[in-house]
$ cat coords.txt   # compact mmCIF, C-alpha atoms
# COMPACT_ATOMS: atom_id res chain seq x y z
CA MET A 1 73.73 209.37 87.92
CA SER A 2 72.83 210.52 84.44
CA THR A 3 70.04 212.66 85.92
CA GLU A 4 72.59 214.26 88.26
CA ASP A 5 74.91 214.89 85.33
CA THR A 6 72.19 216.62 83.39
CA THR A 7 71.14 218.69 86.39
CA SER A 8 74.69 219.76 87.09
CA ARG A 9 74.95 221.36 83.68
CA ARG A 10 71.98 223.66 84.44
CA ARG A 11 72.15 226.78 86.58
CA GLY A 12 71.92 226.32 90.32
CA ARG A 13 73.48 224.06 92.96
CA ARG A 14 75.21 220.94 91.81
CA PRO A 15 74.85 217.68 93.71
CA ALA A 16 77.51 217.18 96.40
CA GLY A 17 79.20 214.31 94.55
CA GLN A 18 79.78 216.37 91.42
CA ASP A 19 81.01 219.23 93.60
CA THR A 20 83.62 216.93 95.06
CA ARG A 21 84.64 215.68 91.66
CA THR A 22 84.90 219.20 90.25
CA ALA A 23 86.85 220.44 93.25
CA LEU A 24 89.30 217.56 92.84
CA VAL A 25 89.78 218.25 89.14
CA GLU A 26 90.53 221.92 89.82
CA ALA A 27 92.85 221.15 92.72
CA ALA A 28 94.61 218.49 90.66
CA ARG A 29 95.31 220.89 87.80
CA ALA A 30 96.84 223.38 90.23
CA VAL A 31 98.94 220.86 92.15
CA PHE A 32 100.18 219.02 89.03
CA ALA A 33 101.11 222.34 87.45
CA GLU A 34 102.99 223.40 90.56
CA HIS A 35 104.82 220.17 91.40
CA GLY A 36 104.75 217.98 88.29
CA TYR A 37 103.32 214.51 88.22
CA GLU A 38 105.76 212.60 90.41
CA ARG A 39 105.92 215.09 93.27
CA ALA A 40 102.19 215.84 93.35
CA THR A 41 100.54 213.79 96.11
CA VAL A 42 96.95 212.63 96.44
CA ARG A 43 96.99 214.05 99.98
CA ALA A 44 97.99 217.52 98.73
CA ILE A 45 95.35 217.49 96.00
CA ALA A 46 92.57 216.32 98.32
CA GLY A 47 93.70 218.86 100.92
CA ARG A 48 93.50 221.72 98.46
CA ALA A 49 90.06 220.52 97.34
CA GLY A 50 88.96 220.31 100.98
CA VAL A 51 87.81 216.69 100.65
CA ASP A 52 88.92 213.34 102.00
CA ALA A 53 91.80 211.68 100.12
CA ALA A 54 89.64 208.55 99.71
CA MET A 55 87.50 210.55 97.26
CA VAL A 56 90.36 210.44 94.75
CA ASN A 57 90.12 206.66 94.61
CA HIS A 58 86.36 206.79 94.59
CA TRP A 59 86.09 209.18 91.64
CA PHE A 60 89.27 208.54 89.67
CA GLY A 61 90.75 205.22 90.80
CA GLY A 62 93.91 206.96 92.03
CA LYS A 63 96.42 209.62 91.08
CA GLU A 64 96.97 208.34 87.53
CA GLY A 65 93.28 208.40 86.73
CA LEU A 66 92.91 211.85 88.25
CA PHE A 67 95.78 213.12 86.15
CA ALA A 68 94.44 211.47 83.02
CA GLN A 69 91.04 213.01 83.46
CA ALA A 70 91.90 216.37 85.02
CA VAL A 71 94.97 217.32 83.02
CA LEU A 72 95.02 215.21 79.87
CA GLU A 73 91.20 215.07 79.86
CA LEU A 74 91.37 211.49 78.61
CA PRO A 75 87.96 209.91 78.12
CA PHE A 76 88.92 206.68 79.92
CA SER A 77 90.88 205.41 82.87
CA PRO A 78 94.42 204.50 81.84
CA LEU A 79 94.75 201.79 84.49
CA GLU A 80 91.55 200.07 83.46
CA LEU A 81 92.77 200.31 79.87
CA LEU A 82 96.11 198.73 80.68
CA SER A 83 94.45 195.79 82.38
CA THR A 84 92.32 195.24 79.26
CA LEU A 85 95.47 195.26 77.16
CA ARG A 86 97.27 192.75 79.37
CA ASP A 87 94.44 190.28 78.93
CA GLY A 88 95.58 188.00 76.07
CA PRO A 89 98.66 186.45 74.46
CA ASP A 90 101.78 188.60 74.00
CA ASP A 91 101.96 187.89 70.26
CA GLN A 92 98.55 189.55 69.79
CA PHE A 93 99.37 192.53 71.96
CA GLY A 94 99.95 194.75 68.93
CA GLU A 95 96.53 193.89 67.58
CA ARG A 96 94.84 194.59 70.93
CA ILE A 97 96.60 197.93 71.30
CA VAL A 98 95.68 199.18 67.84
CA ARG A 99 92.09 197.96 68.13
CA THR A 100 91.66 199.47 71.58
CA PHE A 101 93.32 202.76 70.65
CA VAL A 102 91.14 203.30 67.59
CA THR A 103 87.92 202.05 69.20
CA ARG A 104 88.30 204.24 72.29
CA TRP A 105 89.18 207.43 70.46
CA ASP A 106 86.55 206.82 67.79
CA GLY A 107 84.08 206.46 70.64
CA VAL A 108 84.75 209.88 72.12
CA GLY A 109 85.25 211.75 68.87
CA GLY A 110 88.30 213.23 67.25
CA GLU A 111 88.12 216.59 68.99
CA THR A 112 89.15 214.93 72.26
CA PHE A 113 92.32 213.63 70.67
CA GLN A 114 92.89 217.02 69.09
CA ALA A 115 92.60 218.68 72.52
CA LEU A 116 95.15 216.22 73.92
CA VAL A 117 97.66 216.93 71.16
CA ARG A 118 97.14 220.67 71.43
CA SER A 119 97.71 220.41 75.15
CA VAL A 120 100.88 218.31 74.73
CA ALA A 121 102.19 220.67 72.02
CA SER A 122 101.53 223.77 74.13
CA HIS A 123 102.23 222.84 77.74
CA GLU A 124 105.43 221.26 78.92
CA LEU A 125 103.52 219.72 81.85
CA ALA A 126 101.16 217.75 79.64
CA ALA A 127 104.11 216.39 77.66
CA THR A 128 105.95 215.51 80.85
CA VAL A 129 103.04 213.65 82.34
CA LEU A 130 102.19 211.79 79.17
CA ARG A 131 105.83 210.71 79.07
CA GLU A 132 105.87 209.71 82.74
CA PHE A 133 102.65 207.82 82.31
CA PHE A 134 103.93 205.82 79.34
CA SER A 135 107.30 205.15 80.93
CA LYS A 136 105.71 204.05 84.20
CA PHE A 137 102.95 201.77 82.96
CA PHE A 138 103.41 200.89 79.36
CA ALA A 139 107.16 200.35 79.58
CA GLU A 140 106.59 197.96 82.47
CA ILE A 141 104.32 195.73 80.38
CA ILE A 142 106.85 195.78 77.56
CA ALA A 143 109.69 195.00 79.94
CA ASP A 144 107.70 191.97 81.15
CA MET A 145 107.67 190.63 77.59
CA GLY A 146 111.43 190.26 77.89
CA SER A 147 112.50 191.44 74.45
CA GLY A 148 114.91 194.08 75.81
CA ASN A 149 115.11 197.77 74.90
CA ALA A 150 111.82 198.39 76.72
CA ALA A 151 112.15 202.18 76.70
CA LEU A 152 112.92 202.36 72.98
CA ARG A 153 110.10 199.91 72.22
CA THR A 154 107.73 202.07 74.27
CA SER A 155 108.75 205.19 72.30
CA LEU A 156 108.30 203.39 69.00
CA CYS A 157 104.82 202.11 69.92
CA ALA A 158 103.85 205.55 71.16
CA SER A 159 105.06 207.10 67.88
CA GLN A 160 102.84 204.82 65.78
CA LEU A 161 99.78 205.20 68.01
CA VAL A 162 100.05 208.99 68.27
CA GLY A 163 100.60 209.13 64.51
CA ILE A 164 97.37 207.22 63.83
CA GLY A 165 95.55 209.70 66.05
CA VAL A 166 97.01 212.75 64.33
CA ILE A 167 96.27 211.47 60.82
CA ARG A 168 92.79 210.04 61.60
CA TYR A 169 91.45 212.71 63.97
CA ILE A 170 93.38 215.91 63.28
CA ALA A 171 94.99 216.08 59.83
CA ARG A 172 92.18 213.77 58.61
CA PHE A 173 93.87 212.04 55.68
CA GLU A 174 91.59 209.85 53.63
CA PRO A 175 91.17 206.92 53.61
CA MET A 176 92.58 206.86 57.16
CA VAL A 177 89.43 208.61 58.40
CA ALA A 178 86.94 206.35 56.62
CA ALA A 179 88.85 203.10 57.25
CA ASP A 180 87.13 200.67 59.62
CA VAL A 181 88.89 199.36 62.68
CA ASP A 182 89.67 195.95 61.11
CA THR A 183 91.47 197.54 58.17
CA LEU A 184 93.59 199.63 60.49
CA VAL A 185 94.33 196.65 62.71
CA LYS A 186 95.46 194.57 59.71
CA ALA A 187 97.65 197.32 58.34
CA ILE A 188 99.14 198.65 61.58
CA ALA A 189 99.14 195.86 64.20
CA PRO A 190 102.20 194.15 62.61
CA THR A 191 104.13 197.40 63.07
CA VAL A 192 103.25 197.68 66.73
CA GLN A 193 103.88 193.98 67.32
CA ARG A 194 107.37 194.28 65.81
CA TYR A 195 108.06 197.32 67.99
CA LEU A 196 106.95 195.31 71.05
CA THR A 197 108.66 191.97 70.55
CA GLY A 198 110.32 191.86 67.11
CA ASP A 199 113.82 192.42 65.74
CA LEU A 200 114.59 196.14 65.69
CA GLY A 201 117.76 195.65 63.65
CA LEU A 202 119.94 197.07 66.45
CA MET B 1 122.99 237.25 50.82
CA SER B 2 123.78 236.43 54.42
CA THR B 3 124.82 240.06 54.94
CA GLU B 4 121.44 241.16 53.61
CA ASP B 5 119.71 238.69 55.91
CA THR B 6 121.57 240.01 58.90
CA THR B 7 120.86 243.61 57.95
CA SER B 8 117.18 242.91 57.45
CA ARG B 9 116.86 241.83 61.06
CA ARG B 10 118.09 245.22 62.28
CA ARG B 11 116.00 248.35 62.44
CA GLY B 12 115.69 250.36 59.25
CA ARG B 13 114.95 249.67 55.59
CA ARG B 14 115.19 246.13 54.38
CA PRO B 15 116.68 245.34 50.98
CA ALA B 16 114.16 245.24 48.16
CA GLY B 17 114.49 241.46 47.75
CA GLN B 18 113.51 240.74 51.33
CA ASP B 19 110.63 243.22 51.01
CA THR B 20 109.34 241.21 48.07
CA ARG B 21 109.69 237.96 49.92
CA THR B 22 107.95 239.31 53.03
CA ALA B 23 105.14 240.81 50.96
CA LEU B 24 104.62 237.47 49.22
CA VAL B 25 104.51 235.57 52.51
CA GLU B 26 101.90 237.95 53.92
CA ALA B 27 99.82 237.91 50.75
CA ALA B 28 100.04 234.12 50.58
CA ARG B 29 98.74 233.71 54.14
CA ALA B 30 95.77 235.92 53.32
CA VAL B 31 94.94 234.31 49.97
CA PHE B 32 95.37 230.72 51.20
CA ALA B 33 93.18 231.49 54.22
CA GLU B 34 90.50 233.00 51.98
CA HIS B 35 90.46 230.47 49.14
CA GLY B 36 92.18 227.32 50.39
CA TYR B 37 95.17 225.76 48.72
CA GLU B 38 93.69 224.53 45.45
CA ARG B 39 91.80 227.69 44.53
CA ALA B 40 94.55 230.10 45.56
CA THR B 41 96.50 231.18 42.47
CA VAL B 42 100.05 232.44 42.18
CA ARG B 43 98.69 235.35 40.14
CA ALA B 44 96.30 236.38 42.95
CA ILE B 45 99.02 236.14 45.58
CA ALA B 46 101.53 238.12 43.54
CA GLY B 47 98.82 240.67 42.71
CA ARG B 48 97.98 241.22 46.35
CA ALA B 49 101.67 241.54 47.18
CA GLY B 50 102.09 244.04 44.32
CA VAL B 51 104.95 242.10 42.73
CA ASP B 52 105.49 240.15 39.55
CA ALA B 53 104.24 236.54 39.60
CA ALA B 54 107.71 235.38 38.53
CA MET B 55 108.93 236.37 41.99
CA VAL B 56 107.02 233.39 43.45
CA ASN B 57 109.17 231.01 41.45
CA HIS B 58 112.26 233.01 42.21
CA TRP B 59 111.80 233.00 45.98
CA PHE B 60 109.79 229.84 46.63
CA GLY B 61 110.03 227.61 43.57
CA GLY B 62 106.27 227.81 43.02
CA LYS B 63 102.96 227.72 44.84
CA GLU B 64 103.76 224.60 46.89
CA GLY B 65 106.99 226.05 48.20
CA LEU B 66 105.28 229.33 49.02
CA PHE B 67 102.58 227.51 50.92
CA ALA B 68 105.10 225.34 52.75
CA GLN B 69 107.12 228.31 53.86
CA ALA B 70 104.40 230.93 54.38
CA VAL B 71 101.67 228.85 56.00
CA LEU B 72 103.26 225.68 57.30
CA GLU B 73 106.56 227.53 57.89
CA LEU B 74 108.45 224.41 56.84
CA PRO B 75 112.21 224.86 56.93
CA PHE B 76 112.71 223.32 53.49
CA SER B 77 111.19 223.20 50.04
CA PRO B 78 108.86 220.20 49.70
CA LEU B 79 109.52 219.82 45.98
CA GLU B 80 113.26 219.77 46.39
CA LEU B 81 112.73 217.24 49.17
CA LEU B 82 110.60 214.98 47.02
CA SER B 83 113.19 214.93 44.27
CA THR B 84 115.80 213.86 46.84
CA LEU B 85 113.51 211.07 47.98
CA ARG B 86 112.89 209.80 44.46
CA ASP B 87 116.61 209.42 43.90
CA GLY B 88 117.31 205.74 44.67
CA PRO B 89 115.81 202.25 44.51
CA ASP B 90 112.18 201.76 45.54
CA ASP B 91 113.04 199.09 48.10
CA GLN B 92 115.14 201.61 50.04
CA PHE B 93 112.54 204.36 49.87
CA GLY B 94 111.47 203.75 53.47
CA GLU B 95 115.03 204.16 54.66
CA ARG B 96 115.49 207.38 52.68
CA ILE B 97 112.25 208.85 54.01
CA VAL B 98 113.00 208.13 57.67
CA ARG B 99 116.60 209.34 57.36
CA THR B 100 115.56 212.51 55.53
CA PHE B 101 112.65 213.25 57.87
CA VAL B 102 114.76 212.94 61.03
CA THR B 103 117.83 214.70 59.59
CA ARG B 104 115.84 217.69 58.30
CA TRP B 105 113.80 218.23 61.44
CA ASP B 106 116.81 217.65 63.69
CA GLY B 107 118.58 220.30 61.64
CA VAL B 108 115.99 223.00 62.30
CA GLY B 109 115.19 222.09 65.88
CA GLY B 110 112.16 220.56 67.50
CA GLU B 111 110.28 223.82 68.06
CA THR B 112 109.69 224.10 64.31
CA PHE B 113 107.95 220.73 64.26
CA GLN B 114 106.03 221.71 67.36
CA ALA B 115 104.83 224.88 65.63
CA LEU B 116 103.68 222.82 62.64
CA VAL B 117 101.69 220.42 64.81
CA ARG B 118 100.18 223.23 66.84
CA SER B 119 99.17 224.89 63.60
CA VAL B 120 97.65 221.70 62.17
CA ALA B 121 95.83 220.99 65.45
CA SER B 122 94.41 224.54 65.64
CA HIS B 123 93.66 225.66 62.10
CA GLU B 124 91.58 223.68 59.67
CA LEU B 125 93.42 225.33 56.79
CA ALA B 126 96.82 224.03 57.86
CA ALA B 127 95.38 220.51 58.14
CA THR B 128 93.71 220.83 54.74
CA VAL B 129 96.83 221.97 53.02
CA LEU B 130 99.07 219.41 54.63
CA ARG B 131 96.58 216.79 53.45
CA GLU B 132 96.39 218.21 49.92
CA PHE B 133 100.13 218.41 49.76
CA PHE B 134 100.61 214.77 50.76
CA SER B 135 97.84 213.54 48.51
CA LYS B 136 99.15 215.49 45.54
CA PHE B 137 102.85 214.74 45.71
CA PHE B 138 103.55 211.89 48.03
CA ALA B 139 100.64 209.75 46.86
CA GLU B 140 101.84 210.17 43.29
CA ILE B 141 105.24 208.71 44.08
CA ILE B 142 103.61 205.83 45.91
CA ALA B 143 101.18 205.23 43.05
CA ASP B 144 104.19 205.02 40.70
CA MET B 145 105.52 202.13 42.79
CA GLY B 146 102.49 200.15 41.66
CA SER B 147 101.59 198.37 44.91
CA GLY B 148 98.00 199.66 44.89
CA ASN B 149 96.12 201.38 47.72
CA ALA B 150 98.24 204.50 47.21
CA ALA B 151 96.04 206.74 49.35
CA LEU B 152 95.95 204.32 52.28
CA ARG B 153 99.71 203.77 51.99
CA THR B 154 100.24 207.52 52.02
CA SER B 155 98.14 207.88 55.20
CA LEU B 156 100.02 205.06 56.88
CA CYS B 157 103.43 206.54 56.03
CA ALA B 158 102.26 209.96 57.19
CA SER B 159 101.07 208.46 60.48
CA GLN B 160 104.45 206.91 61.25
CA LEU B 161 106.44 209.99 60.23
CA VAL B 162 104.25 212.43 62.15
CA GLY B 163 104.39 210.08 65.13
CA ILE B 164 108.20 210.12 65.16
CA GLY B 165 108.07 213.91 65.14
CA VAL B 166 105.58 214.13 68.00
CA ILE B 167 107.50 211.68 70.20
CA ARG B 168 111.01 212.97 69.37
CA TYR B 169 110.37 216.72 69.25
CA ILE B 170 107.22 217.40 71.30
CA ALA B 171 106.41 214.71 73.86
CA ARG B 172 110.17 213.96 74.00
CA PHE B 173 110.14 210.31 75.07
CA GLU B 174 113.56 208.90 75.87
CA PRO B 175 115.40 207.21 74.26
CA MET B 176 113.61 208.50 71.14
CA VAL B 177 115.14 211.94 71.72
CA ALA B 178 118.70 210.73 72.29
CA ALA B 179 118.63 208.04 69.58
CA ASP B 180 120.90 208.72 66.61
CA VAL B 181 119.56 208.75 63.08
CA ASP B 182 120.92 205.28 62.24
CA THR B 183 119.11 203.68 65.17
CA LEU B 184 115.82 205.27 64.15
CA VAL B 185 116.32 204.25 60.53
CA LYS B 186 116.99 200.63 61.53
CA ALA B 187 113.97 200.49 63.81
CA ILE B 188 111.46 202.44 61.72
CA ALA B 189 112.43 202.15 58.02
CA PRO B 190 111.00 198.59 57.76
CA THR B 191 107.64 199.94 58.92
CA VAL B 192 107.58 202.67 56.31
CA GLN B 193 108.85 200.31 53.60
CA ARG B 194 106.02 197.88 54.36
CA TYR B 195 103.50 200.72 54.23
CA LEU B 196 104.91 201.75 50.85
CA THR B 197 105.27 198.46 49.02
CA GLY B 198 104.53 195.57 51.40
CA ASP B 199 101.54 193.36 52.18
CA LEU B 200 99.01 195.32 54.23
CA GLY B 201 96.95 192.22 55.01
CA LEU B 202 93.91 193.62 53.19
$ encode --input "coords.txt" --output "C-alpha cells"
Amino acid sequence: MSTEDTTSRRRGRRPAGQDTRTALVEAARAVFAEHGYERATVRAIAGRAGVDAAMVNHWFGGKEGLFAQAVLELPFSPLELLSTLRDGPDDQFGERIVRTFVTRWDGVGGETFQALVRSVASHELAATVLREFFSKFFAEIIADMGSGNAALRTSLCASQLVGIGVIRYIARFEPMVAADVDTLVKAIAPTVQRYLTGDLGL
Amino acid sequence: MSTEDTTSRRRGRRPAGQDTRTALVEAARAVFAEHGYERATVRAIAGRAGVDAAMVNHWFGGKEGLFAQAVLELPFSPLELLSTLRDGPDDQFGERIVRTFVTRWDGVGGETFQALVRSVASHELAATVLREFFSKFFAEIIADMGSGNAALRTSLCASQLVGIGVIRYIARFEPMVAADVDTLVKAIAPTVQRYLTGDLGL
C-alpha cells in the first residue's frame, strides 16, 4: 500500500484503487456542495464517480468518513474516533476527549487544523457539515450521559476543543504550543468534563 | 461627526480628518507587515502617512489601537477594553471577560469575528500580533492576580474565548447562537475564572 501511495504521487498511471478513491473524493466534494450533507447520498456520489457504492464503505467507512476526508480533509475517521471516545467511564470522558484531540492533531501537524478552520471560516458548507456532524454523533453520546441540555453541552465542548486548536496550531500562543499533552489534559479536561456532565448554572 | 462619516462614504472629497485616519490605516498595514508589531514605530507609521505622530493618539489612542483597528480590524479599542475589564473584583474577572467578549462581538456582528479568524488563519503577521497583544496586556493583568503560570493561564483563557467566537459566529452551533449572554456567562465564566485564578492541576 505504501508503495502504491508513493507511485501514485509520480507522473503516470495511478493504481486502480487510488483512482477509485480519488474519483470518490472529487465526486463527494461536488455532491456535498450541491446538496449539503444530509441530502447527499452515497448512491449519488458513487454514481457520479462511476464506481460501485460499496467502494464508499471500503475506502471511507461510509458517508461520514467520506465527508470528513473529502471535504473537511480530516486526518482520521470520525466514527472510529467516536468509538475510541466511548470506551471508558463517563466521568473520564473529558480527559479522553482532550487527550485524543491533542494527540491526533499533534500527529498530523498544525497546518491540517489550520486548513480546517480556514475552510470553516470561508465556506458555509464546511461549517454546516461540521455542525451536522457534531450534532449527529457527539450530541448523541452526550445525550446518553443523561445530564440534559445535550445540544448546549455539545456546543460548549466544541468551543473549548476548537479553541485549543486555534491557540495551539494557528495563533500559536506560548506555552500552549510547547505544553505536553498531560499538562493540557490536567488544565483543560475539568472544563470539558463540566460541560459534559456538570452543573452549568442554568 | 456622523455627518462627516456619511459624507465620506459618498463620492467626492473626504474631510481632512478622515483622510488622515485613512492614510494612517494604510501606512500602518504597510509598516506592520514590513517590521512586525514590536519593531514598527508610531513615528515611522506617521511619517509614511505624511501626518503628525500625535494623530495616532488622536485617532487610535496609540500604537495598539492602531494595530487593532488597521490590521486586526477590531471593532473596539483594546486598551479601553482592558480598562473596563480591570474594573471590578478579581474573582468576577471571568464573568466580566465572557460578558464583555460576547456583548462586544454580538454588537458588531459575527462577520467581523469571522474576518479576524480568517486573517489569523491566513497571515502569520495577524497571528503574531494577536499573540503579542495578548502576551503584553492580558498576561500582565493575569500576572497581577498572583496565581502564577500567567502565560499558560493567558493561553487557556484565549482558547476558551476564541472557541466561543468560532462556535457562535462562524460554525454557528445551536443553541450557542441563540443563547443569551446570561446563559453563556453562567456556563462559561467558571471555566475562565478557573483558568485565571484556579487550580490547574499542575
$ atom_distance --input "coords.txt" --atom1 "CA of Leu79 in chain A" --atom2 "CA of Gly47 in chain A"
23.7 Å
$ atom_distance --input "coords.txt" --atom1 "CA of Ile142 in chain A" --atom2 "CA of Ile167 in chain B"
17.5 Å
$ closest_atom_pairs --input "coords.txt" --of "range 91-117 of chain B" --to "range 153-165 of chain B" --cutoff "9 Å" --atoms "all atoms listed in the file" --output "Markdown table"
| residue | atom | partner | partner_atom | distance |
| --- | --- | --- | --- | --- |
| B:Gly94 | CA | B:Cys157 | CA | 8.9 |
| B:Ile97 | CA | B:Leu161 | CA | 8.6 |
| B:Val98 | CA | B:Leu161 | CA | 7.3 |
| B:Phe101 | CA | B:Leu161 | CA | 7.4 |
| B:Val102 | CA | B:Gly165 | CA | 7.9 |
| B:Trp105 | CA | B:Gly165 | CA | 8.1 |
| B:Gly110 | CA | B:Gly165 | CA | 8.2 |
| B:Phe113 | CA | B:Gly165 | CA | 6.9 |
| B:Gln114 | CA | B:Gly165 | CA | 8.4 |
| B:Val117 | CA | B:Val162 | CA | 8.8 |
$ residues_around --input "coords.txt" --residues "Arg131 in chain B" --least-positions-apart "5" --cutoff "12 Å" --atoms "all atoms listed in the file" --output "compact mmCIF listing (two decimals) with C-alpha atoms, keeping the file's coordinate frame"
# COMPACT_ATOMS: atom_id res chain seq x y z
CA VAL A 166 97.01 212.75 64.33
CA ILE A 167 96.27 211.47 60.82
CA ARG A 168 92.79 210.04 61.60
CA ILE A 170 93.38 215.91 63.28
CA ALA A 171 94.99 216.08 59.83
CA ARG A 172 92.18 213.77 58.61
CA PHE A 173 93.87 212.04 55.68
CA GLU A 174 91.59 209.85 53.63
CA PRO A 175 91.17 206.92 53.61
CA MET A 176 92.58 206.86 57.16
CA VAL A 177 89.43 208.61 58.40
CA GLY B 36 92.18 227.32 50.39
CA TYR B 37 95.17 225.76 48.72
CA GLU B 38 93.69 224.53 45.45
CA LEU B 72 103.26 225.68 57.30
CA VAL B 120 97.65 221.70 62.17
CA GLU B 124 91.58 223.68 59.67
CA LEU B 125 93.42 225.33 56.79
CA ALA B 126 96.82 224.03 57.86
CA LYS B 136 99.15 215.49 45.54
CA PHE B 137 102.85 214.74 45.71
CA PHE B 138 103.55 211.89 48.03
CA ALA B 139 100.64 209.75 46.86
CA ALA B 151 96.04 206.74 49.35
CA THR B 154 100.24 207.52 52.02
CA SER B 155 98.14 207.88 55.20
CA ALA B 158 102.26 209.96 57.19
CA SER B 159 101.07 208.46 60.48
$ closest_residue --input "coords.txt" --among "A:Ala121, A:Leu66, A:Ile141, A:Val42" --to "chain B" --atoms "only C-alpha atoms"
A:Ala121
$ atom_distance --input "coords.txt" --atom1 "CA of Gly107 in chain B" --atom2 "CA of Asp182 in chain B"
15.2 Å
$ axis_aligned_box --input "coords.txt" --around "range 42-61 of chain A" --padding-each-side "4 Å" --output "JSON"
{"center_x": 92.0, "center_y": 213.5, "center_z": 95.8, "size_x": 19.9, "size_y": 24.5, "size_z": 20.3}
$ closest_residue --input "coords.txt" --among "A:Ala28, A:Tyr169, A:Glu64, A:Pro190" --to "Asp91 in chain A" --atoms "only C-alpha atoms"
A:Pro190
$ closest_residue --input "coords.txt" --among "B:Ala127, B:Met145, B:Ala150, B:Gly50" --to "chain A" --atoms "all atoms listed in the file"
B:Ala127
$ residues_around --input "coords.txt" --residues "Phe76 in chain A" --least-positions-apart "3" --cutoff "12 Å" --atoms "all atoms listed in the file" --output "JSON, numbers by chain"
{"A": [60, 61, 64, 65, 66, 67, 68, 69, 70, 72, 73, 79, 80, 81, 82, 84, 100, 101, 103, 104, 105, 107, 108, 112]}
$ residues_around --input "coords.txt" --residues "Thr20 in chain B" --least-positions-apart "3" --cutoff "8 Å" --atoms "all atoms listed in the file" --output "number ranges by chain"
B: 16-17, 23-24, 49, 51, 55
$ write_last_selection --input "coords.txt" --atoms "C-alpha atoms" --output "PDB file, keeping the file's coordinate frame"
ATOM      1  CA  ALA B  16     114.160 245.240  48.160  1.00  0.00           C
ATOM      2  CA  GLY B  17     114.490 241.460  47.750  1.00  0.00           C
ATOM      3  CA  ALA B  23     105.140 240.810  50.960  1.00  0.00           C
ATOM      4  CA  LEU B  24     104.620 237.470  49.220  1.00  0.00           C
ATOM      5  CA  ALA B  49     101.670 241.540  47.180  1.00  0.00           C
ATOM      6  CA  VAL B  51     104.950 242.100  42.730  1.00  0.00           C
ATOM      7  CA  MET B  55     108.930 236.370  41.990  1.00  0.00           C
TER       8      MET B  55
END
$ closest_residue --input "coords.txt" --among "B:Val181, B:Val31, B:Leu116, B:Leu152" --to "chain A" --atoms "only C-alpha atoms"
B:Leu152
$ closest_residue --input "coords.txt" --among "B:Thr197, B:Ile45, B:Ala115, B:His58" --to "chain A" --atoms "all atoms listed in the file"
B:Ala115
$ decode --input "coords.txt" --residues "range 95-111 of chain A" --atoms "N, CA and C atoms" --output "PDB file, in the first residue's frame"
ATOM      1  N   GLU A  95     -11.380  13.882  29.940  1.00  0.00           N
ATOM      2  CA  GLU A  95      -9.955  13.598  29.819  1.00  0.00           C
ATOM      3  C   GLU A  95      -9.643  12.891  28.505  1.00  0.00           C
ATOM      4  N   ARG A  96     -10.473  11.889  28.147  1.00  0.00           N
ATOM      5  CA  ARG A  96     -10.235  11.160  26.894  1.00  0.00           C
ATOM      6  C   ARG A  96     -10.376  12.073  25.685  1.00  0.00           C
ATOM      7  N   ILE A  97     -11.382  12.963  25.731  1.00  0.00           N
ATOM      8  CA  ILE A  97     -11.577  13.855  24.580  1.00  0.00           C
ATOM      9  C   ILE A  97     -10.375  14.776  24.399  1.00  0.00           C
ATOM     10  N   VAL A  98      -9.948  15.411  25.490  1.00  0.00           N
ATOM     11  CA  VAL A  98      -8.848  16.368  25.360  1.00  0.00           C
ATOM     12  C   VAL A  98      -7.578  15.648  24.912  1.00  0.00           C
ATOM     13  N   ARG A  99      -7.300  14.494  25.531  1.00  0.00           N
ATOM     14  CA  ARG A  99      -6.101  13.738  25.163  1.00  0.00           C
ATOM     15  C   ARG A  99      -6.152  13.312  23.695  1.00  0.00           C
ATOM     16  N   THR A 100      -7.296  12.807  23.281  1.00  0.00           N
ATOM     17  CA  THR A 100      -7.421  12.335  21.897  1.00  0.00           C
ATOM     18  C   THR A 100      -7.326  13.499  20.917  1.00  0.00           C
ATOM     19  N   PHE A 101      -8.008  14.584  21.217  1.00  0.00           N
ATOM     20  CA  PHE A 101      -7.993  15.757  20.332  1.00  0.00           C
ATOM     21  C   PHE A 101      -6.557  16.238  20.109  1.00  0.00           C
ATOM     22  N   VAL A 102      -5.842  16.437  21.211  1.00  0.00           N
ATOM     23  CA  VAL A 102      -4.482  16.986  21.093  1.00  0.00           C
ATOM     24  C   VAL A 102      -3.544  15.978  20.419  1.00  0.00           C
ATOM     25  N   THR A 103      -3.642  14.709  20.826  1.00  0.00           N
ATOM     26  CA  THR A 103      -2.747  13.695  20.258  1.00  0.00           C
ATOM     27  C   THR A 103      -2.951  13.552  18.745  1.00  0.00           C
ATOM     28  N   ARG A 104      -4.211  13.483  18.322  1.00  0.00           N
ATOM     29  CA  ARG A 104      -4.489  13.319  16.888  1.00  0.00           C
ATOM     30  C   ARG A 104      -4.010  14.508  16.067  1.00  0.00           C
ATOM     31  N   TRP A 105      -4.329  15.707  16.519  1.00  0.00           N
ATOM     32  CA  TRP A 105      -3.944  16.876  15.726  1.00  0.00           C
ATOM     33  C   TRP A 105      -2.449  17.125  15.795  1.00  0.00           C
ATOM     34  N   ASP A 106      -1.837  16.856  16.956  1.00  0.00           N
ATOM     35  CA  ASP A 106      -0.371  16.924  17.019  1.00  0.00           C
ATOM     36  C   ASP A 106       0.229  15.985  15.979  1.00  0.00           C
ATOM     37  N   GLY A 107      -0.377  14.807  15.862  1.00  0.00           N
ATOM     38  CA  GLY A 107       0.160  13.773  14.990  1.00  0.00           C
ATOM     39  C   GLY A 107       0.181  14.166  13.525  1.00  0.00           C
ATOM     40  N   VAL A 108      -0.795  14.943  13.099  1.00  0.00           N
ATOM     41  CA  VAL A 108      -0.853  15.307  11.677  1.00  0.00           C
ATOM     42  C   VAL A 108      -0.280  16.692  11.399  1.00  0.00           C
ATOM     43  N   GLY A 109       0.036  17.424  12.451  1.00  0.00           N
ATOM     44  CA  GLY A 109       0.645  18.741  12.233  1.00  0.00           C
ATOM     45  C   GLY A 109      -0.395  19.847  12.196  1.00  0.00           C
ATOM     46  N   GLY A 110      -0.011  20.980  12.691  1.00  0.00           N
ATOM     47  CA  GLY A 110      -0.923  22.103  12.849  1.00  0.00           C
ATOM     48  C   GLY A 110      -1.534  22.620  11.566  1.00  0.00           C
ATOM     49  N   GLU A 111      -0.817  22.448  10.441  1.00  0.00           N
ATOM     50  CA  GLU A 111      -1.351  23.044   9.203  1.00  0.00           C
ATOM     51  C   GLU A 111      -2.667  22.380   8.771  1.00  0.00           C
TER      52      GLU A 111
END
